[in-house]
file query-v3.txt (compact mmCIF, C-alpha atoms)
# COMPACT_ATOMS: atom_id res chain seq x y z
CA MET W 1 -7.66 -31.43 8.02
CA ASN W 2 -9.85 -29.23 10.11
CA LYS W 3 -12.96 -29.88 8.04
CA SER W 4 -16.20 -29.91 9.93
CA HIS W 5 -18.10 -33.17 9.96
CA GLN W 6 -21.53 -31.73 10.41
CA GLY W 7 -23.51 -28.62 9.74
CA GLU W 8 -26.93 -27.17 9.21
CA LEU W 9 -28.74 -24.77 6.97
CA LEU W 10 -31.92 -22.85 7.62
CA ILE W 11 -34.41 -23.03 4.77
CA THR W 12 -36.43 -19.86 4.43
CA SER W 13 -36.50 -19.08 0.72
CA GLU W 14 -36.68 -20.89 -2.58
CA ASN W 15 -33.05 -20.02 -3.27
CA ASP W 16 -32.04 -22.05 -0.19
CA ILE W 17 -32.83 -25.17 -2.25
CA VAL W 18 -29.81 -24.28 -4.40
CA VAL W 19 -27.71 -23.53 -1.30
CA ALA W 20 -28.69 -26.89 0.24
CA ARG W 21 -27.69 -28.67 -2.98
CA LYS W 22 -24.30 -26.99 -2.89
CA ILE W 23 -23.63 -27.78 0.77
CA VAL W 24 -24.70 -31.40 0.36
CA ARG W 25 -22.64 -31.72 -2.83
CA ASP W 26 -19.54 -30.45 -0.99
CA ALA W 27 -20.13 -32.79 1.97
CA ALA W 28 -20.72 -35.86 -0.24
CA THR W 29 -17.73 -35.04 -2.44
CA SER W 30 -15.40 -34.59 0.53
CA LEU W 31 -16.50 -38.02 1.83
CA GLY W 32 -15.26 -39.57 -1.41
CA PHE W 33 -18.58 -40.69 -2.92
CA SER W 34 -18.53 -41.47 -6.65
CA LEU W 35 -19.89 -38.82 -9.01
CA THR W 36 -23.05 -40.85 -9.58
CA ASP W 37 -23.61 -41.28 -5.84
CA VAL W 38 -22.96 -37.56 -5.28
CA THR W 39 -25.62 -36.85 -7.93
CA ARG W 40 -28.05 -39.27 -6.25
CA ILE W 41 -27.52 -37.67 -2.84
CA VAL W 42 -27.78 -34.09 -4.15
CA THR W 43 -30.93 -34.92 -6.12
CA ALA W 44 -32.59 -36.47 -3.06
CA ALA W 45 -31.54 -33.41 -1.03
CA SER W 46 -33.08 -31.15 -3.68
CA GLU W 47 -36.41 -33.02 -3.53
CA LEU W 48 -36.56 -33.09 0.28
CA THR W 49 -35.50 -29.46 0.71
CA ARG W 50 -38.13 -28.39 -1.81
CA ASN W 51 -40.71 -30.33 0.23
CA ILE W 52 -39.75 -28.26 3.28
CA TYR W 53 -40.10 -25.02 1.34
CA HIS W 54 -43.33 -25.93 -0.42
CA TYR W 55 -45.21 -27.52 2.47
CA ALA W 56 -43.80 -25.73 5.52
CA ARG W 57 -42.20 -22.56 4.04
CA SER W 58 -39.29 -22.93 6.44
CA GLY W 59 -37.24 -25.55 8.19
CA VAL W 60 -33.73 -26.81 8.64
CA VAL W 61 -31.42 -29.20 6.80
CA ARG W 62 -28.73 -30.93 8.86
CA TRP W 63 -25.91 -33.06 7.61
CA ARG W 64 -23.28 -35.17 9.37
CA PHE W 65 -20.66 -37.73 8.54
CA LEU W 66 -21.23 -41.29 9.75
CA ASN W 67 -18.64 -43.88 10.60
CA GLN W 68 -19.99 -47.30 11.45
CA ASP W 69 -18.03 -50.56 11.35
CA SER W 70 -15.35 -48.76 9.30
CA THR W 71 -17.91 -47.76 6.68
CA VAL W 72 -18.35 -44.07 6.13
CA GLY W 73 -21.62 -42.47 5.17
CA LEU W 74 -23.58 -39.26 5.03
CA GLU W 75 -26.75 -38.55 6.99
CA LEU W 76 -29.14 -35.78 6.01
CA VAL W 77 -32.03 -34.62 8.18
CA PHE W 78 -34.84 -32.47 6.80
CA GLU W 79 -36.94 -30.99 9.57
CA ASP W 80 -39.90 -28.66 9.44
CA SER W 81 -42.80 -27.50 11.59
CA GLY W 82 -45.25 -27.64 8.73
CA PRO W 83 -48.65 -29.33 8.35
CA GLY W 84 -47.24 -32.85 8.66
CA ILE W 85 -48.15 -35.91 6.61
CA SER W 86 -51.40 -37.61 7.61
CA ASP W 87 -50.65 -40.88 5.82
CA VAL W 88 -46.94 -41.55 5.39
CA GLU W 89 -47.58 -44.84 3.58
CA GLN W 90 -49.71 -43.06 1.00
CA ALA W 91 -47.12 -40.28 0.66
CA MET W 92 -44.58 -42.94 -0.28
CA GLN W 93 -46.70 -44.06 -3.27
CA PRO W 94 -45.20 -42.83 -6.54
CA GLY W 95 -47.45 -40.22 -8.11
CA TYR W 96 -49.27 -39.32 -4.91
CA THR W 97 -49.11 -35.64 -4.03
CA THR W 98 -51.14 -33.07 -2.14
CA GLY W 99 -49.14 -30.28 -3.77
CA LYS W 100 -48.22 -29.25 -7.27
CA GLY W 101 -45.39 -31.73 -7.68
CA LEU W 102 -45.10 -35.00 -9.53
CA GLY W 103 -45.37 -37.08 -6.38
CA MET W 104 -41.87 -38.39 -7.00
CA GLY W 105 -39.99 -36.69 -4.18
CA LEU W 106 -40.40 -39.08 -1.26
CA PRO W 107 -40.47 -42.47 -3.05
CA GLY W 108 -37.77 -41.31 -5.48
CA SER W 109 -35.49 -40.07 -2.71
CA LYS W 110 -35.86 -43.39 -0.94
CA ARG W 111 -34.64 -45.19 -4.05
CA LEU W 112 -31.68 -42.84 -4.41
CA MET W 113 -30.55 -43.28 -0.80
CA ASP W 114 -29.77 -46.41 1.27
CA GLU W 115 -31.98 -45.63 4.24
CA MET W 116 -34.96 -43.36 4.83
CA LYS W 117 -37.01 -42.66 7.93
CA ILE W 118 -40.03 -40.37 8.08
CA GLU W 119 -41.42 -39.06 11.34
CA SER W 120 -44.46 -36.85 10.97
CA VAL W 121 -47.19 -35.53 13.23
CA VAL W 122 -50.12 -33.71 11.67
CA GLY W 123 -50.07 -30.08 12.75
CA LYS W 124 -46.59 -30.42 14.27
CA GLY W 125 -44.22 -31.09 11.43
CA THR W 126 -42.15 -33.61 9.55
CA THR W 127 -38.64 -34.95 9.92
CA VAL W 128 -37.14 -36.98 7.09
CA THR W 129 -33.80 -38.68 7.74
CA VAL W 130 -31.85 -40.26 4.88
CA ARG W 131 -28.50 -42.00 4.80
CA LYS W 132 -26.11 -43.08 2.11
CA TRP W 133 -23.17 -45.40 2.75
CA ARG W 134 -20.05 -45.25 0.68
CA GLY W 135 -19.79 -48.63 -1.05
CA MET O 136 -30.15 -12.00 -11.29
CA ALA O 137 -30.20 -15.76 -11.76
CA THR O 138 -32.06 -15.56 -15.04
CA GLU O 139 -29.11 -13.85 -16.71
CA ASN O 140 -27.54 -17.25 -17.01
CA ILE O 141 -30.04 -18.54 -19.55
CA SER O 142 -28.74 -18.20 -23.05
CA VAL O 143 -31.18 -18.32 -25.96
CA ILE O 144 -29.46 -18.07 -29.33
CA LYS O 145 -31.12 -18.23 -32.72
CA LEU O 146 -29.15 -20.23 -35.27
CA ARG O 147 -30.80 -20.11 -38.69
CA ASP O 148 -34.29 -21.45 -38.02
CA LEU O 149 -33.51 -23.13 -34.72
CA LEU O 150 -33.03 -21.96 -31.14
CA LEU O 151 -30.17 -23.09 -28.94
CA VAL O 152 -31.10 -22.80 -25.28
CA THR O 153 -28.33 -23.40 -22.76
CA VAL O 154 -29.32 -24.30 -19.22
CA PRO O 155 -26.93 -23.18 -16.43
CA PRO O 156 -25.29 -25.86 -14.23
CA ASP O 157 -27.32 -25.37 -11.06
CA PRO O 158 -30.43 -23.32 -11.78
CA ASP O 159 -32.88 -22.40 -9.03
CA ASP O 160 -36.63 -22.92 -9.52
CA ASP O 161 -37.18 -19.31 -10.64
CA THR O 162 -34.53 -19.67 -13.30
CA ILE O 163 -36.11 -22.88 -14.57
CA SER O 164 -39.53 -21.21 -14.75
CA ALA O 165 -37.99 -18.20 -16.50
CA LEU O 166 -36.38 -20.56 -18.98
CA GLN O 167 -39.79 -21.86 -20.00
CA GLU O 168 -41.07 -18.32 -20.51
CA GLN O 169 -38.04 -17.27 -22.51
CA VAL O 170 -38.33 -20.32 -24.75
CA LEU O 171 -42.02 -19.72 -25.46
CA GLN O 172 -41.43 -16.01 -26.11
CA ALA O 173 -38.58 -16.78 -28.46
CA MET O 174 -40.75 -19.34 -30.27
CA THR O 175 -43.39 -16.67 -30.78
CA ARG O 176 -41.05 -13.85 -31.72
CA GLN O 177 -38.66 -15.65 -33.99
CA GLU O 178 -39.60 -17.82 -36.86
CA VAL O 179 -38.08 -21.05 -35.71
CA ARG O 180 -39.16 -24.63 -36.18
CA GLY O 181 -37.55 -26.12 -33.16
CA LEU O 182 -35.11 -25.83 -30.34
CA VAL O 183 -32.19 -27.61 -28.79
CA LEU O 184 -32.15 -27.61 -25.00
CA ASP O 185 -28.52 -28.02 -23.99
CA ILE O 186 -28.33 -29.56 -20.52
CA SER O 187 -24.74 -30.77 -20.78
CA THR O 188 -23.58 -28.76 -17.77
CA VAL O 189 -26.62 -29.55 -15.60
CA GLN O 190 -25.59 -31.36 -12.44
CA THR O 191 -28.95 -32.01 -10.80
CA LEU O 192 -32.13 -32.93 -12.64
CA ASP O 193 -34.83 -33.18 -10.02
CA SER O 194 -38.60 -33.60 -10.33
CA PHE O 195 -39.32 -29.87 -10.61
CA PHE O 196 -36.82 -29.43 -13.42
CA ALA O 197 -38.09 -32.54 -15.20
CA ARG O 198 -41.69 -31.34 -14.97
CA VAL O 199 -40.88 -27.93 -16.44
CA VAL O 200 -38.83 -29.52 -19.24
CA SER O 201 -41.58 -31.97 -20.20
CA GLU O 202 -44.20 -29.19 -20.03
CA THR O 203 -42.05 -26.96 -22.21
CA VAL O 204 -41.59 -29.74 -24.78
CA GLN O 205 -45.35 -30.15 -24.90
CA MET O 206 -46.00 -26.41 -25.24
CA VAL O 207 -43.43 -26.07 -28.01
CA ALA O 208 -45.03 -29.06 -29.77
CA LEU O 209 -48.44 -27.39 -29.59
CA MET O 210 -46.88 -24.33 -31.21
CA GLY O 211 -45.61 -26.52 -34.03
CA GLY O 212 -42.01 -26.86 -32.94
CA ARG O 213 -39.77 -29.73 -32.00
CA THR O 214 -37.48 -29.97 -29.00
CA VAL O 215 -34.32 -31.98 -28.67
CA LEU O 216 -32.87 -32.43 -25.21
CA ALA O 217 -29.13 -32.60 -25.63
CA GLY O 218 -26.18 -33.70 -23.58
CA MET O 219 -27.59 -35.26 -20.42
CA ARG O 220 -24.66 -36.56 -18.40
CA ALA O 221 -24.53 -40.26 -17.53
CA ASN O 222 -24.67 -39.69 -13.78
CA VAL O 223 -27.66 -37.39 -14.22
CA ALA O 224 -29.43 -39.95 -16.43
CA VAL O 225 -28.85 -42.72 -13.87
CA THR O 226 -30.22 -40.56 -11.07
CA ALA O 227 -33.22 -39.26 -13.01
CA THR O 228 -34.19 -42.81 -13.95
CA GLN O 229 -33.94 -44.05 -10.37
CA LEU O 230 -35.94 -41.08 -9.16
CA GLY O 231 -38.64 -42.11 -11.64
CA LEU O 232 -38.45 -39.08 -13.91
CA THR O 233 -39.31 -38.89 -17.57
CA VAL O 234 -39.01 -35.94 -19.92
CA GLY O 235 -42.28 -36.43 -21.73
CA ASN O 236 -42.08 -36.55 -25.50
CA ALA O 237 -38.68 -34.92 -25.80
CA ILE O 238 -36.34 -36.31 -28.41
CA THR O 239 -32.90 -36.72 -26.91
CA ALA O 240 -29.41 -36.49 -28.33
CA LEU O 241 -25.96 -37.22 -26.97
CA ASP O 242 -24.74 -33.70 -27.66
CA VAL O 243 -25.71 -30.42 -29.32
CA ASP O 244 -24.12 -31.39 -32.65
CA ARG O 245 -26.25 -34.48 -32.97
CA ALA O 246 -29.30 -32.57 -31.79
CA PHE O 247 -28.94 -30.13 -34.70
CA ASP O 248 -28.45 -33.05 -37.09
CA LEU O 249 -31.69 -34.58 -35.82
CA LEU O 250 -33.67 -31.37 -36.27
CA ASN O 251 -32.19 -30.66 -39.68
CA ALA O 252 -32.88 -34.18 -40.91
CA ALA O 253 -36.53 -34.02 -39.87
CA PRO O 254 -38.94 -32.96 -42.59
CA ALA O 255 -40.63 -29.70 -41.72
CA GLY O 256 -44.07 -29.96 -40.21
CA GLU O 257 -43.78 -33.59 -39.17
CA PRO O 258 -45.36 -33.96 -35.77
CA GLN O 259 -43.22 -34.99 -32.88
CA PRO O 260 -43.70 -38.65 -32.00

call {"tool": "encode", "arguments": {"input": "query-v3.txt", "output": "structure tokens"}}
result
Amino acid sequence: MNKSHQGELLITSENDIVVARKIVRDAATSLGFSLTDVTRIVTAASELTRNIYHYARSGVVRWRFLNQDSTVGLELVFEDSGPGISDVEQAMQPGYTTGKGLGMGLPGSKRLMDEMKIESVVGKGTTVTVRKWRG
Amino acid sequence: MATENISVIKLRDLLLVTVPPDPDDDTISALQEQVLQAMTRQEVRGLVLDISTVQTLDSFFARVVSETVQMVALMGGRTVLAGMRANVAVTATQLGLTVGNAITALDVDRAFDLLNAAPAGEPQP
């Protein structure tokens, strides 16, 4: 029972999206999430890690276990020093994108997770924090 | 390296394309190329895209799949997307993804039945 309860992964290449999915899958599975919840969490992680790679080229993904009022959960933080998001509200609109994507990543990830917080400063970078609680 | 995992098999006049469980973006893009090349090279009238082992269907994957379906349709072929797992379907729907005009089937067997039952040359709905 010496499993670590947190960790981080540097994102520097496209292949790191796959690595992030694997790490997040392992973390969510070890917390006892259902298969569908694991899939939700991994899919959100895939979207948000791809955002780091596409918009900032590099960044970091952090994960940690949560334990609040005897409910366990998983927190994922996606941090980059990229261009930032000038209008977060607009970025949350389904179909809105400044890139080549479908514009589903941010609003879709919010639906898949229980909580989402976006902090972004233009020219400085973006930090997206998501949480999922085990029901 | 990753693209080795894509299997494209010709069965009579159909292609069976098997997607690996956790493909990276390059592999997914390569899959589209391989499918289009195989459509050109081989005389086939459609393809079955077997995604029964796929664990994560995110927006990039969904976009490439729906694009591929459209390209194959323009070339006169039909695509059946086969074997999406329940947990993947739930997640894709919540994420807001669609797979364009792809016909879907519960598994590869039923996908072949669908393609074989369809009269040749009938446009995809």

call {"tool": "interface_residues", "arguments": {"input": "query-v3.txt", "of": "chain O", "to": "chain W", "cutoff": "9 Å", "atoms": "all atoms listed in the file", "output": "PyMOL selection string"}}
result
chain O and resi 157-161+190-195+198+221-223+225-227+229-232

call {"tool": "write_last_selection", "arguments": {"input": "query-v3.txt", "atoms": "C-alpha atoms", "output": "PDB file, keeping the file's coordinate frame"}}
result
ATOM      1  CA  ASP O 157     -27.320 -25.370 -11.060  1.00  0.00           C
ATOM      2  CA  PRO O 158     -30.430 -23.320 -11.780  1.00  0.00           C
ATOM      3  CA  ASP O 159     -32.880 -22.400  -9.030  1.00  0.00           C
ATOM      4  CA  ASP O 160     -36.630 -22.920  -9.520  1.00  0.00           C
ATOM      5  CA  ASP O 161     -37.180 -19.310 -10.640  1.00  0.00           C
ATOM      6  CA  GLN O 190     -25.590 -31.360 -12.440  1.00  0.00           C
ATOM      7  CA  THR O 191     -28.950 -32.010 -10.800  1.00  0.00           C
ATOM      8  CA  LEU O 192     -32.130 -32.930 -12.640  1.00  0.00           C
ATOM      9  CA  ASP O 193     -34.830 -33.180 -10.020  1.00  0.00           C
ATOM     10  CA  SER O 194     -38.600 -33.600 -10.330  1.00  0.00           C
ATOM     11  CA  PHE O 195     -39.320 -29.870 -10.610  1.00  0.00           C
ATOM     12  CA  ARG O 198     -41.690 -31.340 -14.970  1.00  0.00           C
ATOM     13  CA  ALA O 221     -24.530 -40.260 -17.530  1.00  0.00           C
ATOM     14  CA  ASN O 222     -24.670 -39.690 -13.780  1.00  0.00           C
ATOM     15  CA  VAL O 223     -27.660 -37.390 -14.220  1.00  0.00           C
ATOM     16  CA  VAL O 225     -28.850 -42.720 -13.870  1.00  0.00           C
ATOM     17  CA  THR O 226     -30.220 -40.560 -11.070  1.00  0.00           C
ATOM     18  CA  ALA O 227     -33.220 -39.260 -13.010  1.00  0.00           C
ATOM     19  CA  GLN O 229     -33.940 -44.050 -10.370  1.00  0.00           C
ATOM     20  CA  LEU O 230     -35.940 -41.080  -9.160  1.00  0.00           C
ATOM     21  CA  GLY O 231     -38.640 -42.110 -11.640  1.00  0.00           C
ATOM     22  CA  LEU O 232     -38.450 -39.080 -13.910  1.00  0.00           C
TER      23      LEU O 232
END

call {"tool": "atom_distance", "arguments": {"input": "query-v3.txt", "atom1": "CA of Asn67 (chain W)", "atom2": "CA of Arg25 (chain W)"}}
result
18.6 Å

call {"tool": "residues_around", "arguments": {"input": "query-v3.txt", "residues": "Ala173 (chain O)", "least_positions_apart": "4", "cutoff": "10 Å", "atoms": "all atoms listed in the file", "output": "PDB file with C-alpha atoms, keeping the file's coordinate frame"}}
result
ATOM      1  CA  VAL O 143     -31.180 -18.320 -25.960  1.00  0.00           C
ATOM      2  CA  ILE O 144     -29.460 -18.070 -29.330  1.00  0.00           C
ATOM      3  CA  LYS O 145     -31.120 -18.230 -32.720  1.00  0.00           C
ATOM      4  CA  LEU O 150     -33.030 -21.960 -31.140  1.00  0.00           C
ATOM      5  CA  GLN O 167     -39.790 -21.860 -20.000  1.00  0.00           C
ATOM      6  CA  GLU O 168     -41.070 -18.320 -20.510  1.00  0.00           C
ATOM      7  CA  GLN O 169     -38.040 -17.270 -22.510  1.00  0.00           C
ATOM      8  CA  GLN O 177     -38.660 -15.650 -33.990  1.00  0.00           C
ATOM      9  CA  GLU O 178     -39.600 -17.820 -36.860  1.00  0.00           C
ATOM     10  CA  VAL O 179     -38.080 -21.050 -35.710  1.00  0.00           C
ATOM     11  CA  LEU O 182     -35.110 -25.830 -30.340  1.00  0.00           C
TER      12      LEU O 182
END

call {"tool": "atom_distance", "arguments": {"input": "query-v3.txt", "atom1": "CA of Val207 (chain O)", "atom2": "CA of Asn51 (chain W)"}}
result
28.7 Å

call {"tool": "residues_around", "arguments": {"input": "query-v3.txt", "residues": "Thr239 (chain O)", "least_positions_apart": "6", "cutoff": "10 Å", "atoms": "all atoms listed in the file", "output": "number ranges by chain"}}
result
O: 183-184, 214-219, 245-246, 249

call {"tool": "axis_aligned_box", "arguments": {"input": "query-v3.txt", "around": "region 235-253 of chain O", "padding_each_side": "3 Å", "output": "JSON"}}
result
{"center_x": -33.2, "center_y": -33.7, "center_z": -31.3, "size_x": 24.2, "size_y": 13.1, "size_z": 25.2}

call {"tool": "atom_distance", "arguments": {"input": "query-v3.txt", "atom1": "CA of Arg131 (chain W)", "atom2": "CA of Phe78 (chain W)"}}
result
11.6 Å

call {"tool": "residues_around", "arguments": {"input": "query-v3.txt", "residues": "Thr127 (chain W)", "least_positions_apart": "6", "cutoff": "9 Å", "atoms": "all atoms listed in the file", "output": "NGL selection string"}}
result
:W and (77-81 or 84 or 117-120)
